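One file, final.tsv, carrying TSV, N, CA and C atoms:
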```
chain	number	residue	atom	x	y	z
N	1	MET	N	-182.01	0.63	41.91
N	1	MET	CA	-181.75	0.95	40.51
N	1	MET	C	-180.80	2.15	40.45
N	2	THR	N	-179.67	1.98	39.80
N	2	THR	CA	-178.66	3.04	39.71
N	2	THR	C	-179.04	4.06	38.66
N	3	LYS	N	-178.91	5.35	39.02
N	3	LYS	CA	-179.19	6.44	38.09
N	3	LYS	C	-177.95	6.76	37.28
N	4	ILE	N	-178.15	6.90	35.98
N	4	ILE	CA	-177.09	7.26	35.05
N	4	ILE	C	-177.51	8.55	34.35
N	5	LEU	N	-176.62	9.53	34.33
N	5	LEU	CA	-176.88	10.78	33.62
N	5	LEU	C	-176.19	10.70	32.26
N	6	ILE	N	-176.97	10.86	31.21
N	6	ILE	CA	-176.44	10.82	29.84
N	6	ILE	C	-176.51	12.25	29.30
N	7	VAL	N	-175.36	12.74	28.84
N	7	VAL	CA	-175.26	14.13	28.39
N	7	VAL	C	-174.79	14.15	26.95
N	8	ASP	N	-175.63	14.69	26.07
N	8	ASP	CA	-175.28	14.78	24.65
N	8	ASP	C	-176.22	15.77	24.00
N	9	ASP	N	-175.71	16.54	23.07
N	9	ASP	CA	-176.57	17.49	22.35
N	9	ASP	C	-177.26	16.86	21.15
N	10	ASP	N	-176.93	15.62	20.85
N	10	ASP	CA	-177.53	14.88	19.73
N	10	ASP	C	-178.70	14.04	20.26
N	11	PRO	N	-179.94	14.38	19.89
N	11	PRO	CA	-181.10	13.66	20.42
N	11	PRO	C	-181.12	12.17	20.06
N	12	VAL	N	-180.60	11.81	18.89
N	12	VAL	CA	-180.55	10.41	18.50
N	12	VAL	C	-179.60	9.64	19.42
N	13	GLN	N	-178.43	10.22	19.67
N	13	GLN	CA	-177.45	9.59	20.56
N	13	GLN	C	-178.00	9.46	21.98
N	14	LEU	N	-178.72	10.47	22.43
N	14	LEU	CA	-179.35	10.41	23.76
N	14	LEU	C	-180.31	9.23	23.85
N	15	ARG	N	-181.17	9.10	22.85
N	15	ARG	CA	-182.16	8.01	22.85
N	15	ARG	C	-181.49	6.64	22.81
N	16	LEU	N	-180.49	6.49	21.94
N	16	LEU	CA	-179.81	5.20	21.81
N	16	LEU	C	-179.08	4.82	23.10
N	17	THR	N	-178.30	5.74	23.65
N	17	THR	CA	-177.55	5.46	24.87
N	17	THR	C	-178.50	5.19	26.02
N	18	GLY	N	-179.57	5.97	26.11
N	18	GLY	CA	-180.56	5.77	27.17
N	18	GLY	C	-181.25	4.42	27.06
N	19	ALA	N	-181.60	4.03	25.85
N	19	ALA	CA	-182.27	2.74	25.65
N	19	ALA	C	-181.36	1.57	26.03
N	20	ILE	N	-180.08	1.67	25.69
N	20	ILE	CA	-179.13	0.61	26.04
N	20	ILE	C	-179.01	0.50	27.56
N	21	ALA	N	-178.85	1.63	28.22
N	21	ALA	CA	-178.69	1.63	29.69
N	21	ALA	C	-179.96	1.13	30.38
N	22	GLU	N	-181.11	1.59	29.93
N	22	GLU	CA	-182.38	1.17	30.55
N	22	GLU	C	-182.63	-0.33	30.35
N	23	LYS	N	-182.27	-0.85	29.19
N	23	LYS	CA	-182.45	-2.28	28.93
N	23	LYS	C	-181.64	-3.13	29.92
N	24	ASP	N	-180.52	-2.57	30.41
N	24	ASP	CA	-179.68	-3.28	31.37
N	24	ASP	C	-180.08	-2.97	32.81
N	25	GLY	N	-181.16	-2.21	33.01
N	25	GLY	CA	-181.66	-1.99	34.36
N	25	GLY	C	-181.29	-0.68	35.02
N	26	PHE	N	-180.64	0.22	34.29
N	26	PHE	CA	-180.30	1.52	34.85
N	26	PHE	C	-181.46	2.49	34.68
N	27	LYS	N	-181.58	3.42	35.61
N	27	LYS	CA	-182.54	4.52	35.47
N	27	LYS	C	-181.78	5.68	34.83
N	28	THR	N	-182.27	6.19	33.74
N	28	THR	CA	-181.52	7.22	33.02
N	28	THR	C	-182.14	8.60	33.18
N	29	LEU	N	-181.26	9.56	33.30
N	29	LEU	CA	-181.60	10.98	33.23
N	29	LEU	C	-180.88	11.50	32.01
N	30	ILE	N	-181.48	12.45	31.30
N	30	ILE	CA	-180.82	12.98	30.12
N	30	ILE	C	-180.65	14.49	30.23
N	31	ALA	N	-179.52	14.95	29.73
N	31	ALA	CA	-179.24	16.37	29.65
N	31	ALA	C	-178.75	16.66	28.24
N	32	THR	N	-179.20	17.77	27.68
N	32	THR	CA	-178.84	18.09	26.30
N	32	THR	C	-177.65	19.04	26.21
N	33	GLY	N	-177.04	19.33	27.35
N	33	GLY	CA	-175.87	20.20	27.35
N	33	GLY	C	-175.15	20.16	28.68
N	34	GLY	N	-173.98	20.78	28.70
N	34	GLY	CA	-173.15	20.77	29.90
N	34	GLY	C	-173.75	21.50	31.08
N	35	LYS	N	-174.37	22.63	30.82
N	35	LYS	CA	-174.96	23.41	31.92
N	35	LYS	C	-176.09	22.64	32.59
N	36	GLU	N	-176.93	22.02	31.79
N	36	GLU	CA	-178.03	21.21	32.32
N	36	GLU	C	-177.48	20.02	33.12
N	37	ALA	N	-176.41	19.42	32.63
N	37	ALA	CA	-175.79	18.29	33.32
N	37	ALA	C	-175.30	18.71	34.70
N	38	LEU	N	-174.64	19.85	34.79
N	38	LEU	CA	-174.15	20.34	36.08
N	38	LEU	C	-175.29	20.62	37.05
N	39	GLU	N	-176.41	21.12	36.54
N	39	GLU	CA	-177.58	21.34	37.40
N	39	GLU	C	-178.06	20.02	37.99
N	40	TYR	N	-178.17	19.00	37.15
N	40	TYR	CA	-178.57	17.67	37.63
N	40	TYR	C	-177.60	17.17	38.71
N	41	LEU	N	-176.31	17.28	38.43
N	41	LEU	CA	-175.29	16.75	39.34
N	41	LEU	C	-175.27	17.49	40.68
N	42	GLN	N	-175.58	18.77	40.66
N	42	GLN	CA	-175.61	19.54	41.90
N	42	GLN	C	-176.87	19.23	42.71
N	43	GLU	N	-177.98	19.00	42.03
N	43	GLU	CA	-179.26	18.76	42.70
N	43	GLU	C	-179.41	17.32	43.19
N	44	ASP	N	-178.83	16.37	42.48
N	44	ASP	CA	-179.05	14.95	42.79
N	44	ASP	C	-177.72	14.23	42.96
N	45	ARG	N	-177.28	14.09	44.20
N	45	ARG	CA	-175.99	13.44	44.48
N	45	ARG	C	-176.10	11.91	44.44
N	46	SER	N	-177.28	11.39	44.08
N	46	SER	CA	-177.43	9.94	43.98
N	46	SER	C	-177.16	9.41	42.57
N	47	ILE	N	-176.75	10.28	41.67
N	47	ILE	CA	-176.42	9.84	40.31
N	47	ILE	C	-175.17	8.98	40.38
N	48	GLY	N	-175.25	7.77	39.81
N	48	GLY	CA	-174.16	6.81	39.93
N	48	GLY	C	-173.04	6.99	38.94
N	49	ALA	N	-173.34	7.48	37.74
N	49	ALA	CA	-172.31	7.65	36.71
N	49	ALA	C	-172.83	8.62	35.65
N	50	VAL	N	-171.88	9.17	34.90
N	50	VAL	CA	-172.21	10.10	33.83
N	50	VAL	C	-171.60	9.59	32.53
N	51	VAL	N	-172.40	9.59	31.47
N	51	VAL	CA	-171.90	9.35	30.11
N	51	VAL	C	-171.94	10.71	29.44
N	52	LEU	N	-170.77	11.25	29.16
N	52	LEU	CA	-170.62	12.65	28.79
N	52	LEU	C	-170.02	12.83	27.40
N	53	ASP	N	-170.75	13.54	26.55
N	53	ASP	CA	-170.22	13.91	25.23
N	53	ASP	C	-169.21	15.04	25.44
N	54	LEU	N	-168.15	15.06	24.64
N	54	LEU	CA	-167.15	16.12	24.78
N	54	LEU	C	-167.51	17.39	24.03
N	55	VAL	N	-168.13	17.25	22.87
N	55	VAL	CA	-168.40	18.42	22.04
N	55	VAL	C	-169.87	18.79	22.13
N	56	MET	N	-170.12	19.92	22.81
N	56	MET	CA	-171.49	20.44	22.95
N	56	MET	C	-171.43	21.96	22.83
N	57	PRO	N	-172.50	22.57	22.35
N	57	PRO	CA	-172.44	24.01	22.09
N	57	PRO	C	-172.39	24.90	23.35
N	58	ASP	N	-173.05	24.53	24.42
N	58	ASP	CA	-173.12	25.45	25.55
N	58	ASP	C	-171.92	25.35	26.49
N	59	LEU	N	-171.56	24.14	26.88
N	59	LEU	CA	-170.43	23.90	27.78
N	59	LEU	C	-169.89	22.52	27.43
N	60	ASP	N	-168.66	22.46	26.96
N	60	ASP	CA	-168.14	21.18	26.49
N	60	ASP	C	-167.83	20.23	27.64
N	61	GLY	N	-167.58	18.98	27.29
N	61	GLY	CA	-167.37	17.95	28.30
N	61	GLY	C	-166.18	18.20	29.20
N	62	MET	N	-165.09	18.73	28.65
N	62	MET	CA	-163.91	19.04	29.47
N	62	MET	C	-164.26	20.08	30.53
N	63	ALA	N	-165.00	21.10	30.14
N	63	ALA	CA	-165.41	22.15	31.09
N	63	ALA	C	-166.35	21.58	32.15
N	64	VAL	N	-167.20	20.64	31.76
N	64	VAL	CA	-168.10	20.00	32.73
N	64	VAL	C	-167.27	19.24	33.77
N	65	MET	N	-166.27	18.49	33.31
N	65	MET	CA	-165.44	17.73	34.26
N	65	MET	C	-164.62	18.66	35.16
N	66	GLU	N	-164.15	19.79	34.62
N	66	GLU	CA	-163.44	20.77	35.44
N	66	GLU	C	-164.35	21.32	36.53
N	67	GLU	N	-165.57	21.63	36.16
N	67	GLU	CA	-166.53	22.18	37.13
N	67	GLU	C	-166.93	21.12	38.16
N	68	MET	N	-167.06	19.87	37.73
N	68	MET	CA	-167.35	18.79	38.69
N	68	MET	C	-166.23	18.71	39.74
N	69	ALA	N	-164.99	18.82	39.30
N	69	ALA	CA	-163.86	18.77	40.23
N	69	ALA	C	-163.90	19.97	41.17
N	70	ARG	N	-164.18	21.14	40.63
N	70	ARG	CA	-164.24	22.36	41.45
N	70	ARG	C	-165.34	22.27	42.51
N	71	LEU	N	-166.46	21.68	42.13
N	71	LEU	CA	-167.61	21.54	43.04
N	71	LEU	C	-167.52	20.29	43.91
N	72	ASP	N	-166.44	19.52	43.76
N	72	ASP	CA	-166.22	18.29	44.51
N	72	ASP	C	-167.35	17.27	44.28
N	73	ILE	N	-167.76	17.16	43.02
N	73	ILE	CA	-168.75	16.17	42.62
N	73	ILE	C	-167.98	14.94	42.16
N	74	LYS	N	-168.03	13.90	42.98
N	74	LYS	CA	-167.28	12.67	42.69
N	74	LYS	C	-168.22	11.64	42.07
N	75	CYS	N	-168.34	11.72	40.78
N	75	CYS	CA	-169.22	10.81	40.05
N	75	CYS	C	-168.42	10.27	38.86
N	76	PRO	N	-168.29	8.95	38.74
N	76	PRO	CA	-167.51	8.42	37.63
N	76	PRO	C	-168.07	8.89	36.29
N	77	THR	N	-167.16	9.35	35.44
N	77	THR	CA	-167.56	9.93	34.17
N	77	THR	C	-166.93	9.14	33.01
N	78	ILE	N	-167.79	8.75	32.10
N	78	ILE	CA	-167.38	8.05	30.89
N	78	ILE	C	-167.57	9.03	29.74
N	79	VAL	N	-166.51	9.26	29.01
N	79	VAL	CA	-166.55	10.24	27.92
N	79	VAL	C	-166.82	9.53	26.61
N	80	GLN	N	-167.69	10.14	25.81
N	80	GLN	CA	-167.92	9.64	24.45
N	80	GLN	C	-167.81	10.82	23.50
N	81	THR	N	-167.23	10.55	22.36
N	81	THR	CA	-167.06	11.61	21.37
N	81	THR	C	-166.88	11.01	19.99
N	82	ALA	N	-167.02	11.83	18.98
N	82	ALA	CA	-166.79	11.38	17.61
N	82	ALA	C	-165.30	11.46	17.26
N	83	SER	N	-164.53	12.17	18.07
N	83	SER	CA	-163.09	12.33	17.82
N	83	SER	C	-162.30	11.31	18.62
N	84	SER	N	-161.38	10.62	17.96
N	84	SER	CA	-160.63	9.58	18.66
N	84	SER	C	-159.14	9.88	18.74
N	85	SER	N	-158.77	11.14	18.72
N	85	SER	CA	-157.35	11.47	18.76
N	85	SER	C	-156.77	11.12	20.13
N	86	LEU	N	-155.53	10.72	20.14
N	86	LEU	CA	-154.85	10.36	21.38
N	86	LEU	C	-154.80	11.54	22.33
N	87	GLU	N	-154.60	12.72	21.81
N	87	GLU	CA	-154.56	13.94	22.63
N	87	GLU	C	-155.90	14.15	23.35
N	88	THR	N	-156.99	13.92	22.67
N	88	THR	CA	-158.32	14.07	23.27
N	88	THR	C	-158.52	13.05	24.38
N	89	ILE	N	-158.11	11.83	24.13
N	89	ILE	CA	-158.27	10.77	25.15
N	89	ILE	C	-157.45	11.10	26.39
N	90	ILE	N	-156.21	11.49	26.21
N	90	ILE	CA	-155.34	11.83	27.35
N	90	ILE	C	-155.91	13.01	28.12
N	91	SER	N	-156.36	14.01	27.42
N	91	SER	CA	-156.94	15.19	28.07
N	91	SER	C	-158.18	14.82	28.89
N	92	ALA	N	-159.04	13.98	28.32
N	92	ALA	CA	-160.25	13.56	29.03
N	92	ALA	C	-159.89	12.80	30.31
N	93	MET	N	-158.93	11.91	30.23
N	93	MET	CA	-158.51	11.14	31.41
N	93	MET	C	-157.89	12.05	32.46
N	94	ARG	N	-157.13	13.03	32.05
N	94	ARG	CA	-156.54	13.99	32.99
N	94	ARG	C	-157.61	14.83	33.68
N	95	HIS	N	-158.71	15.02	33.00
N	95	HIS	CA	-159.82	15.79	33.58
N	95	HIS	C	-160.72	14.92	34.46
N	96	GLY	N	-160.41	13.64	34.58
N	96	GLY	CA	-161.15	12.80	35.51
N	96	GLY	C	-162.01	11.71	34.90
N	97	ALA	N	-162.00	11.56	33.60
N	97	ALA	CA	-162.79	10.49	32.98
N	97	ALA	C	-162.23	9.13	33.40
N	98	VAL	N	-163.13	8.19	33.66
N	98	VAL	CA	-162.70	6.83	34.02
N	98	VAL	C	-162.66	5.91	32.80
N	99	ASP	N	-163.30	6.33	31.73
N	99	ASP	CA	-163.29	5.55	30.49
N	99	ASP	C	-163.61	6.47	29.34
N	100	PHE	N	-163.38	5.98	28.13
N	100	PHE	CA	-163.53	6.79	26.93
N	100	PHE	C	-163.93	5.87	25.78
N	101	PHE	N	-164.91	6.30	24.99
N	101	PHE	CA	-165.19	5.55	23.77
N	101	PHE	C	-165.64	6.48	22.67
N	102	VAL	N	-165.46	5.99	21.44
N	102	VAL	CA	-165.81	6.75	20.24
N	102	VAL	C	-167.20	6.34	19.79
N	103	LYS	N	-168.01	7.33	19.45
N	103	LYS	CA	-169.35	7.06	18.95
N	103	LYS	C	-169.28	6.54	17.53
N	104	PRO	N	-170.16	5.67	17.14
N	104	PRO	CA	-171.17	4.99	17.97
N	104	PRO	C	-170.53	3.84	18.75
N	105	VAL	N	-171.04	3.60	19.92
N	105	VAL	CA	-170.49	2.57	20.78
N	105	VAL	C	-171.36	1.31	20.70
N	106	ALA	N	-170.72	0.17	20.78
N	106	ALA	CA	-171.48	-1.08	20.82
N	106	ALA	C	-172.18	-1.17	22.17
N	107	PRO	N	-173.41	-1.67	22.20
N	107	PRO	CA	-174.15	-1.76	23.46
N	107	PRO	C	-173.38	-2.50	24.56
N	108	GLU	N	-172.72	-3.58	24.21
N	108	GLU	CA	-171.97	-4.35	25.21
N	108	GLU	C	-170.85	-3.52	25.81
N	109	ARG	N	-170.19	-2.74	24.98
N	109	ARG	CA	-169.08	-1.89	25.44
N	109	ARG	C	-169.58	-0.83	26.42
N	110	LEU	N	-170.72	-0.24	26.13
N	110	LEU	CA	-171.30	0.77	27.02
N	110	LEU	C	-171.64	0.16	28.38
N	111	ILE	N	-172.29	-0.99	28.37
N	111	ILE	CA	-172.70	-1.62	29.63
N	111	ILE	C	-171.49	-2.03	30.45
N	112	ILE	N	-170.49	-2.60	29.82
N	112	ILE	CA	-169.27	-2.98	30.55
N	112	ILE	C	-168.61	-1.74	31.15
N	113	SER	N	-168.57	-0.67	30.39
N	113	SER	CA	-167.97	0.56	30.88
N	113	SER	C	-168.74	1.11	32.08
N	114	LEU	N	-170.06	1.10	32.00
N	114	LEU	CA	-170.88	1.58	33.13
N	114	LEU	C	-170.67	0.72	34.37
N	115	ARG	N	-170.70	-0.58	34.20
N	115	ARG	CA	-170.51	-1.48	35.34
N	115	ARG	C	-169.13	-1.30	35.98
N	116	ASN	N	-168.10	-1.16	35.15
N	116	ASN	CA	-166.75	-0.96	35.67
N	116	ASN	C	-166.64	0.37	36.41
N	117	ALA	N	-167.25	1.41	35.87
N	117	ALA	CA	-167.21	2.73	36.52
N	117	ALA	C	-167.88	2.68	37.88
N	118	LEU	N	-168.98	1.97	37.98
N	118	LEU	CA	-169.69	1.86	39.26
N	118	LEU	C	-168.89	1.04	40.26
N	119	LYS	N	-168.24	-0.02	39.81
N	119	LYS	CA	-167.39	-0.82	40.70
N	119	LYS	C	-166.22	0.01	41.20
N	120	LEU	N	-165.61	0.78	40.32
N	120	LEU	CA	-164.50	1.64	40.71
N	120	LEU	C	-164.95	2.66	41.75
N	121	ASP	N	-166.12	3.23	41.54
N	121	ASP	CA	-166.65	4.22	42.49
N	121	ASP	C	-166.88	3.58	43.86
N	122	GLN	N	-167.42	2.37	43.88
N	122	GLN	CA	-167.64	1.67	45.16
N	122	GLN	C	-166.31	1.41	45.86
N	123	LEU	N	-165.31	1.00	45.12
N	123	LEU	CA	-164.00	0.74	45.70
N	123	LEU	C	-163.39	2.02	46.26
N	124	GLU	N	-163.46	3.10	45.51
N	124	GLU	CA	-162.92	4.38	45.99
N	124	GLU	C	-163.65	4.86	47.23
N	125	SER	N	-164.95	4.65	47.30
N	125	SER	CA	-165.72	5.02	48.49
N	125	SER	C	-165.25	4.23	49.71
N	126	CYS	N	-165.02	2.94	49.53
N	126	CYS	CA	-164.52	2.10	50.63
N	126	CYS	C	-163.16	2.58	51.12
N	127	VAL	N	-162.30	2.94	50.19
N	127	VAL	CA	-160.96	3.42	50.56
N	127	VAL	C	-161.06	4.73	51.32
N	128	ARG	N	-161.94	5.64	50.89
N	128	ARG	CA	-162.12	6.92	51.59
N	128	ARG	C	-162.63	6.68	53.02
N	129	ILE	N	-163.55	5.76	53.19
N	129	ILE	CA	-164.09	5.44	54.52
N	129	ILE	C	-163.00	4.85	55.39
N	130	ASP	N	-162.20	3.94	54.83
N	130	ASP	CA	-161.11	3.33	55.60
N	130	ASP	C	-160.08	4.36	56.04
N	131	ARG	N	-159.77	5.29	55.15
N	131	ARG	CA	-158.80	6.34	55.49
N	131	ARG	C	-159.32	7.22	56.61
N	132	LYS	N	-160.61	7.53	56.60
N	132	LYS	CA	-161.18	8.38	57.65
N	132	LYS	C	-161.19	7.65	58.99
N	133	SER	N	-161.39	6.35	58.96
N	133	SER	CA	-161.44	5.60	60.23
N	133	SER	C	-160.05	5.43	60.84
N	134	VAL	N	-159.00	5.51	60.03
N	134	VAL	CA	-157.63	5.39	60.53
N	134	VAL	C	-157.19	6.67	61.22
N	135	VAL	N	-157.64	7.79	60.70
N	135	VAL	CA	-157.22	9.09	61.22
N	135	VAL	C	-157.85	9.41	62.51
```
Rewrite the coordinates I just gave you, this time as structure tokens.
Amino acid sequence: MTKILIVDDDPVQLRLTGAIAEKDGFKTLIATGGKEALEYLQEDRSIGAVVLDLVMPDLDGMAVMEEMARLDIKCPTIVQTASSSLETIISAMRHGAVDFFVKPVAPERLIISLRNALKLDQLESCVRIDRKSVV
């Protein structure tokens, strides 16, 4: 069972996203802010993907992704936010997001995004292993 970390300061959004993921067979962990999310990610390297809100009071989603990169935490991150500006989307992707959606998200869209992020992560892991074996 793949672990998914859901990060949002909105308790309703946390419950909804968690329920959708759990219904599809994922084990969910929840964090109510960026600092808590980073603690989870540092302690548990078996987390398969992150669904990350961009706007949070303690540490926003962009800062979380920057810190993940600094700490070399390679976990596919899907960004969700209420803002759909093109600038926000581009910035999130530059910070390492593998996908982006605007809240509220349709359950099917969330599940497809999670599955694609996990497939991408598996592919990148295989490529890293192949590169190490060539050297």
Alpha helix (DSSP H) residues, from DSSP on the backbone, in segment 61-118 of chain N, as a PyMOL selection string: chain N and resi 61-70+86-94+107-118
Using only N, CA and C atoms, please write the residues we just selected to a file, as a compact mmCIF listing (two decimals), in the coordinates of the input.
```txt
# COMPACT_ATOMS: atom_id res chain seq x y z
N GLY N 61 -167.58 18.98 27.29
CA GLY N 61 -167.37 17.95 28.30
C GLY N 61 -166.18 18.20 29.20
N MET N 62 -165.09 18.73 28.65
CA MET N 62 -163.91 19.04 29.47
C MET N 62 -164.26 20.08 30.53
N ALA N 63 -165.00 21.10 30.14
CA ALA N 63 -165.41 22.15 31.09
C ALA N 63 -166.35 21.58 32.15
N VAL N 64 -167.20 20.64 31.76
CA VAL N 64 -168.10 20.00 32.73
C VAL N 64 -167.27 19.24 33.77
N MET N 65 -166.27 18.49 33.31
CA MET N 65 -165.44 17.73 34.26
C MET N 65 -164.62 18.66 35.16
N GLU N 66 -164.15 19.79 34.62
CA GLU N 66 -163.44 20.77 35.44
C GLU N 66 -164.35 21.32 36.53
N GLU N 67 -165.57 21.63 36.16
CA GLU N 67 -166.53 22.18 37.13
C GLU N 67 -166.93 21.12 38.16
N MET N 68 -167.06 19.87 37.73
CA MET N 68 -167.35 18.79 38.69
C MET N 68 -166.23 18.71 39.74
N ALA N 69 -164.99 18.82 39.30
CA ALA N 69 -163.86 18.77 40.23
C ALA N 69 -163.90 19.97 41.17
N ARG N 70 -164.18 21.14 40.63
CA ARG N 70 -164.24 22.36 41.45
C ARG N 70 -165.34 22.27 42.51
N LEU N 86 -155.53 10.72 20.14
CA LEU N 86 -154.85 10.36 21.38
C LEU N 86 -154.80 11.54 22.33
N GLU N 87 -154.60 12.72 21.81
CA GLU N 87 -154.56 13.94 22.63
C GLU N 87 -155.90 14.15 23.35
N THR N 88 -156.99 13.92 22.67
CA THR N 88 -158.32 14.07 23.27
C THR N 88 -158.52 13.05 24.38
N ILE N 89 -158.11 11.83 24.13
CA ILE N 89 -158.27 10.77 25.15
C ILE N 89 -157.45 11.10 26.39
N ILE N 90 -156.21 11.49 26.21
CA ILE N 90 -155.34 11.83 27.35
C ILE N 90 -155.91 13.01 28.12
N SER N 91 -156.36 14.01 27.42
CA SER N 91 -156.94 15.19 28.07
C SER N 91 -158.18 14.82 28.89
N ALA N 92 -159.04 13.98 28.32
CA ALA N 92 -160.25 13.56 29.03
C ALA N 92 -159.89 12.80 30.31
N MET N 93 -158.93 11.91 30.23
CA MET N 93 -158.51 11.14 31.41
C MET N 93 -157.89 12.05 32.46
N ARG N 94 -157.13 13.03 32.05
CA ARG N 94 -156.54 13.99 32.99
C ARG N 94 -157.61 14.83 33.68
N PRO N 107 -173.41 -1.67 22.20
CA PRO N 107 -174.15 -1.76 23.46
C PRO N 107 -173.38 -2.50 24.56
N GLU N 108 -172.72 -3.58 24.21
CA GLU N 108 -171.97 -4.35 25.21
C GLU N 108 -170.85 -3.52 25.81
N ARG N 109 -170.19 -2.74 24.98
CA ARG N 109 -169.08 -1.89 25.44
C ARG N 109 -169.58 -0.83 26.42
N LEU N 110 -170.72 -0.24 26.13
CA LEU N 110 -171.30 0.77 27.02
C LEU N 110 -171.64 0.16 28.38
N ILE N 111 -172.29 -0.99 28.37
CA ILE N 111 -172.70 -1.62 29.63
C ILE N 111 -171.49 -2.03 30.45
N ILE N 112 -170.49 -2.60 29.82
CA ILE N 112 -169.27 -2.98 30.55
C ILE N 112 -168.61 -1.74 31.15
N SER N 113 -168.57 -0.67 30.39
CA SER N 113 -167.97 0.56 30.88
C SER N 113 -168.74 1.11 32.08
N LEU N 114 -170.06 1.10 32.00
CA LEU N 114 -170.88 1.58 33.13
C LEU N 114 -170.67 0.72 34.37
N ARG N 115 -170.70 -0.58 34.20
CA ARG N 115 -170.51 -1.48 35.34
C ARG N 115 -169.13 -1.30 35.98
N ASN N 116 -168.10 -1.16 35.15
CA ASN N 116 -166.75 -0.96 35.67
C ASN N 116 -166.64 0.37 36.41
N ALA N 117 -167.25 1.41 35.87
CA ALA N 117 -167.21 2.73 36.52
C ALA N 117 -167.88 2.68 37.88
N LEU N 118 -168.98 1.97 37.98
CA LEU N 118 -169.69 1.86 39.26
C LEU N 118 -168.89 1.04 40.26
```
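Comparing the minimum interatomic distances between Pro104 of chain N and each of N:Ile90, N:Val64, N:Ala82, N:Leu120, counting all atoms listed in the file, we find that N:Ala82 sits nearest.
Close contacts of segment 38-45 of chain N, defined as residues with an atom at most 7 Å away when counting only N, CA and C atoms, with chain neighbours fewer than 4 positions off set aside, comprise Gly33, Gly34, Val64 and Ile73 of chain N.
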Quick one: of N:Ala49, N:Met1, N:Cys75, N:Ala92, who's nearest to Arg115 of chain N, counting only C-alpha atoms?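 With only C-alpha atoms as the atom set, the closest residue is N:Ala49.
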Pairwise distance for atom CA of Glu67 of chain N and atom CA of Ile20 of chain N, rounded to one decimal in Å: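 Pair atom CA of Glu67 of chain N / atom CA of Ile20 of chain N returns 27.3 Å.
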Take atom CA of Lys119 of chain N and atom CA of Leu5 of chain N and report the distance between them in Å, one decimal. 16.6 Å
Neighbours of Arg15 of chain N within 12 Å (only C-alpha atoms; same-chain residues fewer than 4 positions away dropped), as a ChimeraX atom specification? /N:6-11,19-23,28-32
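Nearest residue to Asp24 of chain N, choosing from N:Ser85, N:Met68, N:Thr2, N:Ala37 and counting only C-alpha atoms: N:Thr2.
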For a quick check of understanding, using all atoms listed in the file, which of N:Lys35, N:Leu54, N:Gly48, N:Leu71 has the smallest distance to Leu118 of chain N?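 With all atoms listed in the file as the atom set, the closest residue is N:Gly48.
One finds atom C of Phe26 of chain N at 25.7 Å from atom CA of Glu66 of chain N.
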Taking only chain N into account, list the residues labelled strand (DSSP E) by DSSP (computed from the backbone), as a PyMOL selection string. chain N and resi 3-7+27-31+47-53+77-81+97-102
Given the point (-165.9, 14.9, 25.3) in the coordinates of this file, which residues lie within 9 Å, counting only C-alpha atoms, and how would they look as JSON, numbers by chain? {"N": [52, 53, 54, 55, 56, 60, 61, 62, 78, 79, 80, 81, 82, 83, 88, 89, 92, 100]}
